[in-house]
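Here's the structure we're looking at; comments come further down.
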Amino acid sequence: MTPIPHLIGGKPYVLENAQTVPVFNPATGEETARLAMGCSHEVDAAVKAAQEALNDWSQMPPARRAHVLFALRDVMHKRRDDIARTISAEHGKTHDDALGEVARALEVVEFACGIPHLLKGDFSRHVARDLDACSERQPLGVVAGITPFNFPSMVPLWMIPMALACGNCFILKPSERDPSSANLIHELFEAAGLPKGVLNVVHGGKAAVDAILDHPGISAVSFVGSTPIAEYVYARGCAAGKRVQALGGAKNHMVILPDADLDQAADALMGAGFGSAGERCMAISVAVPVGEETANRLVEKLTPRVQSLKIGPSTDKDAEMGPLITKAHRDKVADLISKGEAEGARVVVDGRGYSLQGYEGGFWMGGTLLDGVTKDMTVYREEIFGPVLSVLRAGSYDEAVGLINDHQYGNGTAIFTRDGDAARDFTRRIEVGMVGVNVPIPVPVGYHSFGGWKRSIFGAHGIYGPEAVHFYTRLKTVSARWPTGIRAGAEFTFPSNG
Ligand code: NAD
């Protein structure tokens with residue numbers, strides 16, 4: 001079987017005797033491909049290809065770079081079903097969910113099309129006698145992105161359009177678990193007219209990541225993945241003198257106040273907790289009903305909904321969620337549920353041991369509902385990243401807020417209520433980066449930026465949107481004096497605006 005290749009300088013690249021790893025269809029458990037794993041050799045080759053392309057690309061007027069992004073938008077629209085099928089084949093999410101991923105990626109491409117406006121500098125005439133000042137933002141050079149398995153198209157496209165629009169060349173190191181989307185993205189950029197070498201794909205795991213972090217030819221690294229790796233990438237990349245943004249894991253709470261519409265809240269929890277089998281960094285994994293009566297009624301409404309979740313492969317149009325990404329991950333989620341049970345949680349609906357007829361080899365798991373979860377339990381402290389919804393009952397609104405603010409993660413959160421005062425207070429006090437009011441998954445649109453707080457992010461910048469312009473460029477300010485004919489003699493005092 002020919003392995004899935006790296007794409008360097010516009011060409012497939014595989015070393016003879018390269019190490020390969022299997023790629024699976026999670027719905028069947030079958031190996032569908034082998035992936036070539038890169039290390040410092042491939043990263044080096046990609047940096048060289050990117051450096052060769054950099055001068056022409058960074059000197060191209062932003063409006064011309066935007067032409068490529070406009071063309072990419074068209075290509076992506078035309079091929080969105082292909083993109084979605086490629087995502088689902090290796091990730092397992094439903095086709096509609098994958099189409100949603102493509103739609104959110106397109107928002108970033110559309111925002112990046114406005115790059116001439118976004119890169120407009122500041123100019124001040126006459127800041128001192130005959131002196132004008134102008135500030136502009138220039139590209140960093142060769143930058144890299146390291147991405148997780150759960151959005152194999154969207155997360156790379158959170159990074160690449162903005163990095164390229166700003167005039168950088170890019171090296172993508174996608175997840176080794178669903179790598180084909182990265183090669184398809186490369187193909188789409190090529191079809192949109194991107195010059196060779198501006199975008200390169202190096203596949204691999206830790207060895208490729210370390211080579212990126214240590215390479216002196218790479219100026220900046222964007223990372224999205226789990227918190228331990230985000231922290232590692234941030235520390236090692238910064239120690240090597242790079243600019244790094246590293247987005248990590250999450251534990252997202254949804255507070256349900258007694259005045260909320262509980263059917264609406266239960267529906268929202270189903271989509272946000274079990275969509276994509278809970279493998280979303282913005283998934284709601286903890287429901288926090290306030291008051292015993294709210295909690296009892298909510299669990300009563302959730303139970304039949306979780307029991308009747310429609311689980312199936314991406315080809316099943318009625319499926320609401322698919323399998324988990326690997327057998328190892330499915331087993332880890334099942335172990336965490338068992339740990340929760342042993343620590344005292346009540347398993348109201350049990351998804352362990354679920355099997356789908358005709359797909360017995362797949363990495364399936366049913367939806368799980370845990371009640372009576374408490375702050376000290378492992379299922380509460382750790383990110384599970386599976387179809388498991390925990391109910392943690394709070395005695396008061398303040399207790400719910402304190403719980404969220406005390407948690408190590410601060411990616412997303414939501415409040416469901418009809419009380420405007422409470423909602424306003426929540427959005428002000430909550431120590432979380434993305435907040436929804438009656439919105440369960442508050443992923444910002446492409447012209448705002450995405451980013452959590454606390455141990456959900458390392459680094460100063462959010463991803464995509466206006467923050468991306470700052471992350472992928474550096475500031476230059478020019479002070480210029482015209483005309484040159486005036487001789488004032490040597491001035492030894494510090495320059496002022498007199
Ligand atoms: P992961 O951390 O295992 O992998 C992410 C990337 O890091 C991959 O490219 C992988 O090859 C690489 N990697 C893995 N182990 C490494 C190591 N030891 N050294 C160096 N590199 C390594 O994450 P995942 O399982 O692919 O994705 C799920 C995680 O990503 C969840 O924690 C989820 O919350 C998080 N996530 C966060 C966001 C966000 O925006 N905050 C978005 C999506 C996913």
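In the structure tokens, chains take letters A, B, ... by order of appearance, with residues numbered from 1 within each chain and ligands from 1 in the order shown.
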>> I'd like the neighbourhood of stretch 82-85 of chain A as an NGL selection string, where a residue qualifies if any of its atoms comes within 8 Å (using only C-alpha atoms), though same-chain residues fewer than 3 positions away should be ignored.
In response: :A and (76 or 79 or 88-89 or 95 or 98-99 or 101-102 or 153 or 181 or 184)
If you keep N, CA, C and O atoms, can you produce a file of those selected residues as a short mmCIF file (atom, residue, chain, number, x, y, z; two decimals), in the first residue's frame?
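Printed below is result24.cif as written:
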```
data_model
loop_
_atom_site.label_atom_id
_atom_site.label_comp_id
_atom_site.auth_asym_id
_atom_site.auth_seq_id
_atom_site.Cartn_x
_atom_site.Cartn_y
_atom_site.Cartn_z
N MET A 76 -13.81 25.45 -2.53
CA MET A 76 -14.34 24.76 -1.33
C MET A 76 -15.85 24.60 -1.41
O MET A 76 -16.41 23.58 -1.02
N ARG A 79 -16.62 21.82 -3.76
CA ARG A 79 -16.20 20.48 -3.34
C ARG A 79 -16.54 20.18 -1.88
O ARG A 79 -15.94 19.32 -1.26
N SER A 88 -15.22 12.57 7.30
CA SER A 88 -15.96 11.49 7.97
C SER A 88 -15.28 10.13 7.81
O SER A 88 -15.35 9.30 8.72
N ALA A 89 -14.63 9.91 6.67
CA ALA A 89 -14.04 8.59 6.42
C ALA A 89 -12.99 8.23 7.46
O ALA A 89 -12.82 7.06 7.81
N HIS A 95 -22.19 13.07 8.17
CA HIS A 95 -21.94 13.91 6.99
C HIS A 95 -22.39 15.36 7.25
O HIS A 95 -21.66 16.30 6.91
N ALA A 98 -19.94 17.10 9.39
CA ALA A 98 -18.73 17.43 8.62
C ALA A 98 -18.98 18.63 7.71
O ALA A 98 -18.11 19.50 7.55
N LEU A 99 -20.20 18.71 7.15
CA LEU A 99 -20.53 19.88 6.32
C LEU A 99 -20.51 21.16 7.18
O LEU A 99 -20.11 22.23 6.72
N GLU A 101 -18.57 21.62 9.72
CA GLU A 101 -17.15 21.92 9.89
C GLU A 101 -16.63 22.72 8.68
O GLU A 101 -15.91 23.71 8.84
N VAL A 102 -17.03 22.29 7.48
CA VAL A 102 -16.58 22.98 6.27
C VAL A 102 -17.13 24.42 6.25
O VAL A 102 -16.41 25.38 5.91
N SER A 153 -10.33 19.40 9.07
CA SER A 153 -10.31 20.46 8.05
C SER A 153 -10.40 21.84 8.70
O SER A 153 -9.66 22.75 8.34
N SER A 181 -7.49 14.76 5.19
CA SER A 181 -8.08 16.10 5.01
C SER A 181 -6.99 17.13 4.73
O SER A 181 -7.20 18.06 3.95
N LEU A 184 -6.02 16.98 1.19
CA LEU A 184 -7.09 17.55 0.36
C LEU A 184 -7.05 19.08 0.42
O LEU A 184 -7.21 19.76 -0.61
#
```
>> Let me see if you get this right: every residue at most 8 Å from ligand 1, counting only C-alpha atoms and all ligand atoms, written as a PyMOL selection string.
In response: chain A and resi 146-151+155+173-177+204-210+223-230+232-233+247-250+279-282+383+385+411+450-452+456-457
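Counting only C-alpha atoms and comparing A:Leu72, A:Leu269, A:Val288, A:Ile384, the residue that lies closest to A:Ile441 is A:Leu269.
One distance worth recording is that between atom CA of A:Gly372 and atom CA of A:Arg346, which is 6.0 Å.
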>> DSSP on the backbone: which residues in stretch 150-385 of chain A end up as alpha helix (DSSP H)? Give the answer as a PyMOL selection string.
In response: chain A and resi 154-165+180-191+206-214+227-239+262-274+292-307+327-342+378-381
> Counting only C-alpha atoms, what is within 12 Å of A:Ser496, bar same-chain residues fewer than 3 positions away, as JSON, numbers by chain?
Replying inline: {"A": [127, 128, 129, 131, 491, 492, 493]}
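Using only C-alpha atoms, the smallest distance between any of A:Val388, A:Leu309, A:Val244, A:Leu199 and A:Val286 comes from A:Val388.
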> Closest to A:Glu399 among A:Ala490, A:Ala103, A:Ile430, A:Ala239, using only C-alpha atoms?
Replying inline: A:Ile430
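Summary of the local environment: counting only C-alpha atoms, residues at most 10 Å from A:Ala460, other than itself and those fewer than 5 positions away along its chain, are Arg243, Val244, Gln245, Ala246, Gly451, Glu467 and Phe471 of chain A.
Residues in contact with stretch 324-337 of chain A at up to 7 Å, not including ones fewer than 2 positions away on its chain and judged by only C-alpha atoms, are Pro26, His91, Gly92, Ala277, Gly322, Lys339, Gly340, Glu341, Arg352, Phe363, Trp364, Met365, Val379, Ile384 and Gly386 of chain A.
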>> So that I can check the surroundings of A:Lys196, please list as a PyMOL selection string every protein, DNA and RNA residue that reaches within 9 Å of it, counting only C-alpha atoms and ignoring chain neighbours fewer than 4 positions away.
In response: chain A and resi 8-11+49-50+53+190+200
